[in-house]
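Peer 1: I am sharing protein.tsv, which consists of TSV, C-alpha atoms:
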chain	number	residue	atom	x	y	z
A	1	THR	CA	0.00	0.00	0.00
A	2	LYS	CA	1.05	3.60	-0.31
A	3	ARG	CA	1.08	3.87	3.49
A	4	GLN	CA	3.82	1.21	3.64
A	5	TYR	CA	6.04	3.31	1.40
A	6	VAL	CA	5.68	6.85	2.68
A	7	LEU	CA	8.63	8.88	1.45
A	8	LEU	CA	10.32	10.56	4.40
A	9	GLY	CA	12.85	12.71	2.60
A	10	ASP	CA	15.16	10.01	1.30
A	11	ALA	CA	14.65	9.15	-2.35
A	12	ALA	CA	16.29	5.77	-1.73
A	13	ASN	CA	13.11	4.76	0.10
A	14	LEU	CA	10.88	5.43	-2.90
A	15	THR	CA	9.35	2.44	-4.66
A	16	ASP	CA	6.31	1.71	-6.77
A	17	ASN	CA	5.93	-1.55	-4.80
A	18	ILE	CA	5.85	-3.48	-8.08
A	19	PRO	CA	8.48	-6.10	-8.81
A	20	PHE	CA	9.74	-5.80	-12.35
A	21	LYS	CA	8.92	-8.83	-14.45
A	22	THR	CA	9.69	-9.27	-18.10
A	23	GLY	CA	6.42	-9.57	-19.93
A	24	THR	CA	5.09	-12.19	-22.29
A	25	ALA	CA	2.33	-12.01	-24.85
A	26	ALA	CA	-0.13	-13.23	-22.23
A	27	ALA	CA	1.17	-10.99	-19.44
A	28	PRO	CA	2.76	-7.64	-20.38
A	29	GLU	CA	5.67	-6.06	-18.50
A	30	VAL	CA	4.99	-4.88	-14.97
A	31	GLY	CA	6.83	-1.92	-13.50
A	32	LEU	CA	8.95	0.55	-15.42
A	33	PRO	CA	9.99	-1.25	-18.62
A	34	GLY	CA	13.67	-2.13	-18.67
A	35	SER	CA	14.15	-1.50	-14.95
A	36	PRO	CA	15.14	-4.08	-12.36
A	37	ASP	CA	13.08	-4.38	-9.21
A	38	ASP	CA	13.56	-1.19	-7.17
A	39	ARG	CA	13.27	-2.97	-3.80
A	40	TRP	CA	16.81	-4.32	-3.71
A	41	VAL	CA	18.57	-5.02	-0.44
A	42	PHE	CA	22.28	-4.29	-0.24
A	43	THR	CA	24.35	-6.21	2.27
A	44	GLU	CA	28.02	-6.31	3.15
A	45	ASN	CA	30.55	-8.61	4.68
A	46	ASN	CA	31.86	-6.50	7.56
A	47	PRO	CA	33.06	-8.63	10.50
A	48	GLY	CA	34.15	-5.57	12.50
A	49	ARG	CA	30.67	-4.10	12.35
A	50	GLU	CA	29.11	-7.48	13.21
A	51	LEU	CA	31.32	-7.83	16.28
A	52	GLY	CA	30.62	-4.23	17.33
A	53	VAL	CA	26.88	-4.77	17.08
A	54	ALA	CA	27.23	-8.05	18.98
A	55	ALA	CA	29.05	-6.18	21.78
A	56	CYS	CA	26.14	-3.75	21.97
A	57	LEU	CA	23.71	-6.67	22.13
A	58	ALA	CA	25.70	-8.30	24.95
A	59	THR	CA	25.60	-5.02	26.86
A	60	ALA	CA	21.88	-4.59	26.17
A	61	ALA	CA	21.23	-8.10	27.49
A	62	ARG	CA	22.63	-7.02	30.88
A	63	VAL	CA	20.66	-3.80	30.93
A	64	MET	CA	17.34	-5.35	29.92
A	65	LYS	CA	17.52	-8.27	32.35
A	66	GLY	CA	14.62	-7.92	34.77
A	67	PHE	CA	12.86	-5.43	32.49
A	68	ASN	CA	12.38	-7.47	29.31
A	69	ASP	CA	13.87	-10.88	29.96
A	70	THR	CA	12.83	-12.32	26.61
A	71	LEU	CA	14.54	-9.57	24.63
A	72	ALA	CA	17.56	-9.73	26.94
A	73	GLN	CA	17.93	-13.46	26.30
A	74	GLN	CA	17.48	-13.02	22.55
A	75	SER	CA	20.11	-10.25	22.50
A	76	LEU	CA	22.58	-12.43	24.38
A	77	GLN	CA	21.86	-15.39	22.12
A	78	VAL	CA	22.56	-13.35	18.97
A	79	ALA	CA	25.74	-11.88	20.51
A	80	GLU	CA	27.04	-15.36	21.33
A	81	GLN	CA	26.13	-16.66	17.87
A	82	LEU	CA	28.07	-13.80	16.28
A	83	TRP	CA	31.02	-14.61	18.55
A	84	ASN	CA	30.96	-18.16	17.19
A	85	ILE	CA	30.42	-17.51	13.48
A	86	THR	CA	32.15	-14.21	12.67
A	87	LYS	CA	35.49	-14.56	10.93
A	88	GLU	CA	37.58	-11.41	11.29
A	89	GLN	CA	41.09	-10.74	10.02
A	90	ASN	CA	42.18	-8.80	13.11
A	91	SER	CA	41.59	-10.29	16.55
A	92	MET	CA	41.42	-6.78	18.03
A	93	ALA	CA	37.95	-6.46	16.49
A	94	ARG	CA	36.80	-9.17	18.91
A	95	VAL	CA	38.09	-7.53	22.13
A	96	GLU	CA	35.02	-5.40	22.88
A	97	LEU	CA	32.67	-8.33	22.37
A	98	ALA	CA	34.86	-10.56	24.56
A	99	VAL	CA	34.75	-7.97	27.35
A	100	GLU	CA	30.97	-7.48	27.14
A	101	LEU	CA	30.26	-11.21	26.96
A	102	LEU	CA	32.61	-11.81	29.89
A	103	ILE	CA	30.81	-9.22	32.01
A	104	THR	CA	27.39	-10.51	30.95
A	105	THR	CA	27.97	-14.27	31.14
A	106	LYS	CA	31.10	-14.65	33.33
A	107	ASP	CA	32.10	-17.44	30.90
A	108	LYS	CA	35.80	-18.30	31.19
A	109	LYS	CA	36.27	-18.65	27.42
A	110	TYR	CA	35.97	-14.88	27.02
A	111	ALA	CA	38.51	-14.28	29.78
A	112	ASP	CA	40.81	-16.81	28.12
A	113	PHE	CA	40.54	-14.92	24.82
A	114	LEU	CA	41.46	-11.63	26.50
A	115	ILE	CA	44.35	-13.20	28.41
A	116	ALA	CA	45.67	-14.74	25.19
A	117	HIS	CA	45.56	-11.32	23.49
A	118	ALA	CA	46.89	-9.20	26.37
A	119	SER	CA	49.96	-8.06	24.45
A	120	ASP	CA	47.83	-7.11	21.40
A	121	ILE	CA	45.55	-5.08	23.66
A	122	ALA	CA	48.55	-3.38	25.27
A	123	ASN	CA	50.06	-2.58	21.85
A	124	ASN	CA	46.75	-1.06	20.75
A	125	PHE	CA	45.89	0.55	24.06
A	126	GLU	CA	44.73	3.83	22.54
A	127	GLN	CA	41.95	1.97	20.75
A	128	ALA	CA	41.26	-0.90	23.16
A	129	GLY	CA	42.38	0.27	26.59
A	130	TYR	CA	39.11	1.80	27.71
A	131	ILE	CA	37.34	-1.40	26.69
A	132	ALA	CA	39.83	-3.81	28.25
A	133	GLY	CA	39.89	-1.82	31.48
A	134	LYS	CA	36.35	-2.96	32.15
A	135	SER	CA	37.55	-6.58	32.21
A	136	LEU	CA	40.09	-6.20	35.01
A	137	MET	CA	37.62	-6.87	37.80
A	138	TYR	CA	36.49	-10.10	36.08
A	139	ILE	CA	39.90	-11.58	35.24
A	140	THR	CA	42.10	-12.89	38.05
A	141	ASP	CA	45.13	-13.65	35.86
A	142	GLN	CA	47.93	-11.52	37.35
A	143	HIS	CA	49.94	-11.39	34.12
A	144	TYR	CA	46.94	-10.01	32.20
A	145	ASN	CA	46.27	-7.40	34.87
A	146	ASP	CA	49.95	-6.38	34.95
A	147	VAL	CA	50.17	-6.05	31.15
A	148	ILE	CA	47.01	-3.91	30.99
A	149	ALA	CA	48.06	-1.78	33.99
A	150	THR	CA	51.51	-1.18	32.49
A	151	ALA	CA	49.96	-0.18	29.16
A	152	ALA	CA	47.59	2.17	30.99
A	153	LYS	CA	50.49	3.84	32.81
A	154	LYS	CA	52.42	4.30	29.54
A	155	TYR	CA	49.36	5.73	27.85
A	156	TYR	CA	48.75	8.08	30.78
A	157	ALA	CA	52.35	9.34	30.64
A	158	LYS	CA	52.10	9.86	26.88
A	159	THR	CA	48.78	11.69	27.14
A	160	ASN	CA	50.08	13.81	30.02
A	161	SER	CA	53.21	14.85	28.11
A	162	GLU	CA	51.18	15.63	24.96
A	163	GLY	CA	48.84	17.76	27.05
A	164	LYS	CA	51.74	19.70	28.53
A	165	ALA	CA	53.21	20.23	25.06
A	166	VAL	CA	49.96	21.79	23.87
A	167	PHE	CA	49.98	24.25	26.74
A	168	LEU	CA	53.57	25.26	25.99
A	169	LEU	CA	52.67	26.35	22.47
Can I see the file as structure tokens?
Peer 2:
Amino acid sequence: TKRQYVLLGDAANLTDNIPFKTGTAAAPEVGLPGSPDDRWVFTENNPGRELGVAACLATAARVMKGFNDTLAQQSLQVAEQLWNITKEQNSMARVELAVELLITTKDKKYADFLIAHASDIANNFEQAGYIAGKSLMYITDQHYNDVIATAAKKYYAKTNSEGKAVFLL
């Protein structure tokens, strides 16, 4: 119906709601002749985005628990499925999801992933430090905690010296 396809300012949402079909003598063409169906769906293979969305779902599962338990469980289920099926090139893309699933489920496999990637997290502390910091109270591995704490101290010193340099200009 027209109500289903109200145009709200974005021409990409406009459709005649008629799939294009090549006509025959018995049934003439439907839709704008020569045009493909205008209701295409475009998808992408973007593991980083999938893992980021999964991290949000894992977080939402914690927040919604007790308010909408069904939706919380569904969110957690999708986040865990994405953990299992997503194939990324860079393991750093998985750190945020590992942290959020660890906090939400307390499952050791997420702690094990973070422990195994402690040096990667430390080497990319500017991007992952604020995320990994949330995991410290859930991981008892002293080496992991030491690596993250050392990286945090180095990052603090760097940020502090850069801030002083700006004020000296």
Peer 1: Counting all atoms listed in the file, which residues have an atom no more than 12 Å from (49.8, -7.7, 23.3) in the file's coordinates? Please list them as a list of chain:residue names.
Peer 2: A:Ser91, A:Met92, A:Val95, A:Phe113, A:Leu114, A:Ile115, A:Ala116, A:His117, A:Ala118, A:Ser119, A:Asp120, A:Ile121, A:Ala122, A:Asn123, A:Asn124, A:Phe125, A:Ala128, A:Gly129, A:Ala132, A:His143, A:Tyr144, A:Asp146, A:Val147, A:Ile148, A:Thr150, A:Ala151
Peer 1: Excluding same-chain residues fewer than 4 positions from range 105-108 of chain A, what lies within 12 Å of it counting all atoms listed in the file, as JSON, numbers by chain?
Peer 2: {"A": [58, 59, 61, 62, 73, 76, 77, 79, 80, 97, 98, 99, 100, 101, 112, 113, 114, 115, 135, 137, 138, 139, 140, 141]}
Peer 1: Using Å and a single decimal, report how far CA of Pro47 in chain A sits from CA of Ile85 in chain A.
Peer 2: 9.7 Å
Peer 1: Just need the box for range 122-132 of chain A, edges along x, y and z, holding every atom the file lists for it with 3 Å tacked onto each side, so centre and edge lengths in Å to one decimal, as lines of an AutoDock Vina configuration file.
Peer 2:
center_x = 43.7
center_y = 0.0
center_z = 24.5
size_x = 18.7
size_y = 13.6
size_z = 13.5
Peer 1: Taking into account only C-alpha atoms, which residue in the set A:Tyr130, A:Tyr156, A:Phe167, A:Phe67 is nearest to Glu96 in chain A?
Peer 2: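 Looking only at the distances to Glu96 in chain A, the closest residue turns out to be A:Tyr130.
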Peer 1: One number please: CA of Gly133 in chain A to CA of Ala93 in chain A, in Å, one decimal.
Peer 2: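 If I compute the distance from CA of Gly133 in chain A to CA of Ala93 in chain A, I get 15.8 Å.
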Peer 1: From the set A:Thr104, A:Asn90, A:Asn145, A:Ser161, which residue has the shortest atom-to-atom contact distance to Ala72 in chain A, counting all atoms listed in the file?
Peer 2: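 Using all atoms listed in the file, the shortest distance to Ala72 in chain A belongs to A:Thr104.
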Peer 1: As an exercise, work out the distance from CA of Gln142 in chain A to CA of Leu102 in chain A in Å and give it to one decimal place.
Peer 2: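 These atoms are spaced 17.0 Å apart.
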Peer 1: Go through A:Leu71, A:Gly66, A:Gln81, A:Glu162 and flag the residue nearest Val53 in chain A, using all atoms listed in the file for the distances.
Peer 2: A:Gln81
Peer 1: Under the rule that all atoms listed in the file are counted, which of A:Ala157, A:Ile103, A:Ala149, A:Leu51 is the nearest residue to Glu88 in chain A?
Peer 2: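 The closest residue to Glu88 in chain A is A:Leu51.
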Peer 1: If I only have part of range 137-151 of chain A, can you fill in N, CA, C and O atoms and write it as a PDB file, in the coordinates of the input?
Peer 2:
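Final output, saved to out_30.pdb:
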ATOM      1  N   MET A 137      38.262  -6.353  36.581  1.00  0.00           N
ATOM      2  CA  MET A 137      37.620  -6.870  37.800  1.00  0.00           C
ATOM      3  C   MET A 137      37.024  -8.265  37.604  1.00  0.00           C
ATOM      4  O   MET A 137      36.583  -8.885  38.572  1.00  0.00           O
ATOM      5  N   TYR A 138      37.038  -8.778  36.371  1.00  0.00           N
ATOM      6  CA  TYR A 138      36.490 -10.100  36.080  1.00  0.00           C
ATOM      7  C   TYR A 138      37.566 -11.135  35.757  1.00  0.00           C
ATOM      8  O   TYR A 138      37.270 -12.310  35.633  1.00  0.00           O
ATOM      9  N   ILE A 139      38.804 -10.682  35.598  1.00  0.00           N
ATOM     10  CA  ILE A 139      39.900 -11.580  35.240  1.00  0.00           C
ATOM     11  C   ILE A 139      40.913 -11.589  36.381  1.00  0.00           C
ATOM     12  O   ILE A 139      41.432 -10.542  36.760  1.00  0.00           O
ATOM     13  N   THR A 140      41.189 -12.771  36.905  1.00  0.00           N
ATOM     14  CA  THR A 140      42.100 -12.890  38.050  1.00  0.00           C
ATOM     15  C   THR A 140      43.535 -13.191  37.632  1.00  0.00           C
ATOM     16  O   THR A 140      44.405 -13.257  38.495  1.00  0.00           O
ATOM     17  N   ASP A 141      43.783 -13.349  36.346  1.00  0.00           N
ATOM     18  CA  ASP A 141      45.130 -13.650  35.860  1.00  0.00           C
ATOM     19  C   ASP A 141      46.037 -12.441  36.115  1.00  0.00           C
ATOM     20  O   ASP A 141      45.828 -11.364  35.550  1.00  0.00           O
ATOM     21  N   GLN A 142      47.059 -12.628  36.953  1.00  0.00           N
ATOM     22  CA  GLN A 142      47.930 -11.520  37.350  1.00  0.00           C
ATOM     23  C   GLN A 142      48.724 -10.974  36.169  1.00  0.00           C
ATOM     24  O   GLN A 142      48.912  -9.765  36.050  1.00  0.00           O
ATOM     25  N   HIS A 143      49.177 -11.850  35.286  1.00  0.00           N
ATOM     26  CA  HIS A 143      49.940 -11.390  34.120  1.00  0.00           C
ATOM     27  C   HIS A 143      49.080 -10.459  33.260  1.00  0.00           C
ATOM     28  O   HIS A 143      49.545  -9.396  32.830  1.00  0.00           O
ATOM     29  N   TYR A 144      47.850 -10.853  33.002  1.00  0.00           N
ATOM     30  CA  TYR A 144      46.940 -10.010  32.200  1.00  0.00           C
ATOM     31  C   TYR A 144      46.770  -8.644  32.865  1.00  0.00           C
ATOM     32  O   TYR A 144      46.907  -7.607  32.222  1.00  0.00           O
ATOM     33  N   ASN A 145      46.477  -8.656  34.145  1.00  0.00           N
ATOM     34  CA  ASN A 145      46.270  -7.400  34.870  1.00  0.00           C
ATOM     35  C   ASN A 145      47.522  -6.526  34.857  1.00  0.00           C
ATOM     36  O   ASN A 145      47.424  -5.308  34.701  1.00  0.00           O
ATOM     37  N   ASP A 146      48.691  -7.134  34.982  1.00  0.00           N
ATOM     38  CA  ASP A 146      49.950  -6.380  34.950  1.00  0.00           C
ATOM     39  C   ASP A 146      50.197  -5.766  33.574  1.00  0.00           C
ATOM     40  O   ASP A 146      50.605  -4.602  33.460  1.00  0.00           O
ATOM     41  N   VAL A 147      49.947  -6.546  32.514  1.00  0.00           N
ATOM     42  CA  VAL A 147      50.170  -6.050  31.150  1.00  0.00           C
ATOM     43  C   VAL A 147      49.247  -4.862  30.865  1.00  0.00           C
ATOM     44  O   VAL A 147      49.681  -3.838  30.334  1.00  0.00           O
ATOM     45  N   ILE A 148      47.981  -4.983  31.240  1.00  0.00           N
ATOM     46  CA  ILE A 148      47.010  -3.910  30.990  1.00  0.00           C
ATOM     47  C   ILE A 148      47.342  -2.684  31.845  1.00  0.00           C
ATOM     48  O   ILE A 148      47.302  -1.547  31.363  1.00  0.00           O
ATOM     49  N   ALA A 149      47.710  -2.903  33.106  1.00  0.00           N
ATOM     50  CA  ALA A 149      48.060  -1.780  33.990  1.00  0.00           C
ATOM     51  C   ALA A 149      49.299  -1.051  33.491  1.00  0.00           C
ATOM     52  O   ALA A 149      49.348   0.190  33.503  1.00  0.00           O
ATOM     53  N   THR A 150      50.290  -1.801  33.031  1.00  0.00           N
ATOM     54  CA  THR A 150      51.510  -1.180  32.490  1.00  0.00           C
ATOM     55  C   THR A 150      51.188  -0.362  31.247  1.00  0.00           C
ATOM     56  O   THR A 150      51.678   0.766  31.088  1.00  0.00           O
ATOM     57  N   ALA A 151      50.358  -0.906  30.374  1.00  0.00           N
ATOM     58  CA  ALA A 151      49.960  -0.180  29.160  1.00  0.00           C
ATOM     59  C   ALA A 151      49.190   1.087  29.526  1.00  0.00           C
ATOM     60  O   ALA A 151      49.370   2.136  28.899  1.00  0.00           O
TER      61      ALA A 151
END
